[in-house]
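S.K.: Provided herewith: work.txt, compact mmCIF, C-alpha atoms.
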```
# COMPACT_ATOMS: atom_id res chain seq x y z
CA MET A 1 17.17 55.21 -9.18
CA ASN A 2 20.78 54.14 -8.93
CA LYS A 3 22.16 50.76 -9.94
CA THR A 4 22.72 49.56 -6.36
CA LYS A 5 19.10 50.15 -5.39
CA LEU A 6 17.85 48.40 -8.55
CA LEU A 7 20.16 45.43 -7.96
CA THR A 8 19.01 45.14 -4.33
CA ILE A 9 15.34 45.11 -5.38
CA ALA A 10 16.06 42.46 -8.03
CA VAL A 11 17.93 40.22 -5.53
CA VAL A 12 15.16 40.52 -2.93
CA GLY A 13 12.53 39.77 -5.59
CA LEU A 14 14.40 36.68 -6.78
CA LEU A 15 14.88 35.52 -3.18
CA ILE A 16 11.15 35.83 -2.51
CA LEU A 17 10.38 34.01 -5.76
CA ASN A 18 12.78 31.18 -4.85
CA LEU A 19 11.32 30.82 -1.36
CA GLY A 20 7.82 30.72 -2.84
CA MET A 21 8.81 27.99 -5.31
CA MET A 22 10.46 25.93 -2.55
CA ALA A 23 7.35 26.24 -0.39
CA LEU A 24 5.21 25.15 -3.33
CA PHE A 25 7.33 22.03 -3.87
CA LEU A 26 7.47 21.17 -0.18
CA PHE A 27 3.81 21.76 0.58
CA ASN A 28 2.10 20.71 -2.63
CA GLY A 29 -0.89 19.24 -0.83
CA LYS A 30 -0.06 15.57 -1.39
CA PRO A 31 -0.30 13.31 1.65
CA PRO A 32 3.04 11.99 2.91
CA GLN A 33 4.06 8.74 1.26
CA HIS A 34 4.52 5.62 3.33
CA GLN A 35 8.19 5.15 4.08
CA GLY A 36 7.99 1.82 5.88
CA GLY A 37 10.73 -0.72 6.14
CA PRO A 38 10.81 -4.18 4.66
CA GLU A 39 7.71 -6.35 4.62
CA GLY A 40 5.34 -3.50 5.36
CA GLU A 41 6.80 -2.27 8.65
CA GLY A 42 5.11 1.10 8.07
CA PRO A 43 1.51 -0.19 8.07
CA LYS A 44 2.31 -2.52 10.96
CA LYS A 45 3.64 0.35 13.03
CA ILE A 46 0.74 2.60 12.05
CA ILE A 47 -1.83 -0.02 13.08
CA ILE A 48 -0.10 -0.66 16.43
CA GLU A 49 0.07 3.06 17.15
CA ARG A 50 -3.43 3.96 15.93
CA LEU A 51 -5.06 1.12 17.84
CA ASN A 52 -2.77 1.63 20.84
CA PHE A 53 -2.03 -2.10 21.16
CA ASP A 54 -0.52 -3.26 24.43
CA GLU A 55 2.37 -5.78 24.55
CA GLY A 56 0.07 -8.80 24.51
CA GLN A 57 -1.93 -7.50 21.57
CA GLN A 58 1.29 -6.71 19.70
CA LYS A 59 2.42 -10.34 20.09
CA GLN A 60 -0.95 -11.59 18.84
CA TYR A 61 -0.78 -9.12 15.97
CA GLU A 62 2.71 -10.32 15.07
CA GLY A 63 1.35 -13.88 14.76
CA ILE A 64 -1.52 -12.66 12.59
CA ILE A 65 0.97 -10.83 10.35
CA THR A 66 3.26 -13.85 10.02
CA GLU A 67 0.39 -16.08 8.96
CA HIS A 68 -0.96 -13.45 6.54
CA ARG A 69 2.42 -12.83 4.90
CA SER A 70 2.99 -16.54 4.38
CA LYS A 71 -0.39 -17.08 2.74
CA THR A 72 -0.10 -13.88 0.70
CA LYS A 73 3.28 -14.97 -0.62
CA GLU A 74 1.80 -18.31 -1.74
CA LEU A 75 -1.16 -16.64 -3.47
CA ASN A 76 1.07 -14.08 -5.19
CA LYS A 77 3.35 -16.83 -6.49
CA ARG A 78 0.31 -18.72 -7.74
CA SER A 79 -0.91 -15.56 -9.47
CA ARG A 80 2.44 -15.03 -11.21
CA ASP A 81 2.55 -18.67 -12.32
CA LEU A 82 -1.00 -18.54 -13.68
CA HIS A 83 -0.35 -15.32 -15.56
CA ASP A 84 2.86 -16.76 -17.01
CA GLU A 85 0.96 -19.83 -18.14
CA LEU A 86 -1.82 -17.74 -19.67
CA TYR A 87 0.47 -15.44 -21.61
CA SER A 88 2.68 -18.29 -22.75
CA LEU A 89 -0.35 -19.43 -24.77
CA LEU A 90 0.28 -16.44 -27.02
CA LYS A 91 3.40 -18.16 -28.33
CA ASN A 92 1.23 -20.79 -30.03
CA ASN A 93 -0.07 -20.25 -33.55
CA THR A 94 -3.55 -21.31 -32.47
CA ILE A 95 -4.97 -20.73 -29.03
CA ASP A 96 -7.46 -23.11 -27.46
CA LYS A 97 -10.10 -20.75 -26.04
CA THR A 98 -11.21 -23.32 -23.45
CA ILE A 99 -7.68 -23.43 -21.99
CA SER A 100 -7.36 -19.64 -21.83
CA ASP A 101 -10.86 -19.32 -20.34
CA SER A 102 -10.01 -21.95 -17.74
CA LEU A 103 -6.79 -20.12 -16.80
CA ILE A 104 -8.61 -16.80 -16.57
CA LYS A 105 -11.23 -18.39 -14.32
CA THR A 106 -8.47 -19.81 -12.09
CA ILE A 107 -6.77 -16.40 -11.95
CA THR A 108 -10.09 -14.88 -10.88
CA GLU A 109 -10.53 -17.50 -8.16
CA ASN A 110 -6.97 -16.84 -6.94
CA GLN A 111 -7.69 -13.10 -6.79
CA LYS A 112 -10.84 -13.81 -4.78
CA ALA A 113 -8.76 -15.92 -2.39
CA LYS A 114 -6.41 -12.94 -1.93
CA GLU A 115 -9.31 -10.62 -1.14
CA ASP A 116 -10.81 -13.17 1.26
CA LEU A 117 -7.43 -13.53 2.96
CA ASN A 118 -7.05 -9.76 3.38
CA PHE A 119 -10.57 -9.35 4.73
CA ASP A 120 -10.04 -12.23 7.16
CA HIS A 121 -6.73 -10.67 8.23
CA PHE A 122 -8.48 -7.48 9.32
CA GLN A 123 -11.26 -9.44 11.03
CA LYS A 124 -8.54 -11.11 13.10
CA ILE A 125 -7.05 -7.72 13.95
CA LYS A 126 -10.47 -6.47 14.98
CA ALA A 127 -10.95 -9.56 17.14
CA ILE A 128 -7.90 -8.72 19.28
CA CYS A 129 -9.10 -5.16 19.86
CA LYS A 130 -10.49 -4.26 23.26
CA SER A 131 -13.87 -2.55 23.39
CA ASP A 132 -12.29 0.91 23.80
CA GLN A 133 -10.15 0.30 20.66
CA LEU A 134 -13.04 -0.60 18.36
CA GLU A 135 -13.87 3.02 17.55
CA ARG A 136 -10.22 3.58 16.54
CA PHE A 137 -10.37 0.41 14.45
CA ASN A 138 -13.45 1.73 12.64
CA GLY A 139 -11.51 4.92 11.87
CA LEU A 140 -8.63 2.82 10.61
CA VAL A 141 -10.93 0.93 8.24
CA ILE A 142 -11.43 4.15 6.27
CA ASP A 143 -7.67 4.42 5.68
CA LEU A 144 -6.98 0.78 4.78
CA THR A 145 -6.91 1.27 1.03
CA HIS A 146 -4.35 4.07 1.38
CA LEU A 147 -2.15 2.14 3.82
CA PHE A 148 -1.86 -0.94 1.65
CA SER A 149 -2.15 0.38 -1.89
CA PRO A 150 0.73 -0.48 -4.20
CA LYS A 151 3.03 2.51 -4.62
CA ASN A 152 4.86 1.47 -7.78
CA GLY A 153 2.40 -0.65 -9.70
CA PRO A 154 1.65 -4.32 -9.31
CA PRO A 155 4.22 -6.59 -7.65
CA ARG A 156 6.20 -8.89 -9.90
```
Please re-express this file's structure in structure tokens.
M.R.:
Amino acid sequence: MNKTKLLTIAVVGLLILNLGMMALFLFNGKPPQHQGGPEGEGPKKIIIERLNFDEGQQKQYEGIITEHRSKTKELNKRSRDLHDELYSLLKNNTIDKTISDSLIKTITENQKAKEDLNFDHFQKIKAICKSDQLERFNGLVIDLTHLFSPKNGPPR
């Protein structure tokens, strides 16, 4: 076997190997990540498209979103403030357990309020669905945790 033939086989082999590695990285089986715009434009767009909202429903949905974002922002700020207050107790030499327990209880109540708010938000979305959209809404319910899960850890 001459050197040219050996070199050609090596180049073709490396090319095939490189193409295989690129395919592996491109198609590694992970679902595509949400690439929405600011304030959750991705989930908003997905919901409008999946439920096939008409113009009127989109306006109603926009109002639902505005209200939800405002309340969510308040609850998230409250959560940050409560956590800051709780962990600032660690600066003290002695910690009053009743104060820390009270703060933890308030944090828990705030988290419950967030969950209630989110559940109510989707009930409002369901309420604006027409009867032929309810089956699509039920399919969407399965994907809710993936649509709205934090991508980079908890917000701060």
S.K.: So how far away is atom CA of Ala113 of chain A from atom CA of Ser70 of chain A, in Å?
M.R.: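 Interatomic distance, atom CA of Ser70 of chain A to atom CA of Ala113 of chain A: 13.6 Å.
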S.K.: Quick one: of A:Asn118, A:Gln57, A:Gln123, A:Asn138, who's nearest to Lys71 of chain A, counting all atoms listed in the file?
M.R.: A:Asn118
S.K.: I'd like a table as a tab-separated table: residues in segment 59-138 of chain A with an atom no more than 9 Å from segment 42-47 of chain A, each row giving the shortest atom pair and its distance in Å to one decimal, all atoms listed in the file counted, sorted by chain and rising residue number.
M.R.:
```
residue	atom	partner	partner_atom	distance
A:Tyr61	CA	A:Lys44	CA	8.8
A:Glu62	CA	A:Lys44	CA	8.8
A:Ile65	CA	A:Lys44	CA	8.4
A:Phe137	CA	A:Ile47	CA	8.7
```
S.K.: Measuring between all atoms listed in the file, which one of A:Ile48, A:Leu75, A:Glu67, A:Ser100 shows the shortest distance to Lys114 of chain A?
M.R.: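 Under the stated criterion, the closest residue is A:Leu75.
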S.K.: From the options A:Val11, A:His121, A:Ile128, A:Asn2, which residue's atoms come nearest to Glu55 of chain A, counting only C-alpha atoms?
M.R.: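 Between A:Val11, A:His121, A:Ile128, A:Asn2, the residue approaching Glu55 of chain A most closely is A:Ile128.
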S.K.: Any idea what the distance is between atom CA of Asn28 of chain A and atom CA of Ile16 of chain A?
M.R.: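 These atoms are spaced 17.6 Å apart.
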S.K.: What is the atom CA of Gly63 of chain A-atom CA of Lys124 of chain A distance in Å, reported with one decimal?
M.R.: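 Going from atom CA of Gly63 of chain A over to atom CA of Lys124 of chain A covers 10.4 Å.
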S.K.: Under the rule that only C-alpha atoms are counted, which of A:Lys5, A:His83, A:Asp143, A:Gln133 is the nearest residue to Ile107 of chain A?
M.R.: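 Ranked by minimum distance to Ile107 of chain A, first place goes to A:His83.
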S.K.: Given all atoms listed in the file as the basis, pick out the residue of A:Leu19, A:Ile142, A:Cys129, A:Leu134 nearest to Phe53 of chain A.
M.R.: A:Cys129
S.K.: With 10 Å as the threshold, what does the neighbourhood of (-4.1, -10.1, 1.4) contain in terms of residues, counting only C-alpha atoms? Coordinates are those of the file; answer as a ChimeraX atom specification.
M.R.: /A:68-69,71-73,75-76,111-122,148
S.K.: Segment 91-105 of chain A, all listed atoms, 3 Å padding on each side: what axis-aligned box centre and edge lengths in Å to one decimal come out, as lines of an AutoDock Vina configuration file?
M.R.:
```
center_x = -3.9
center_y = -20.1
center_z = -23.9
size_x = 20.6
size_y = 12.6
size_z = 25.2
```
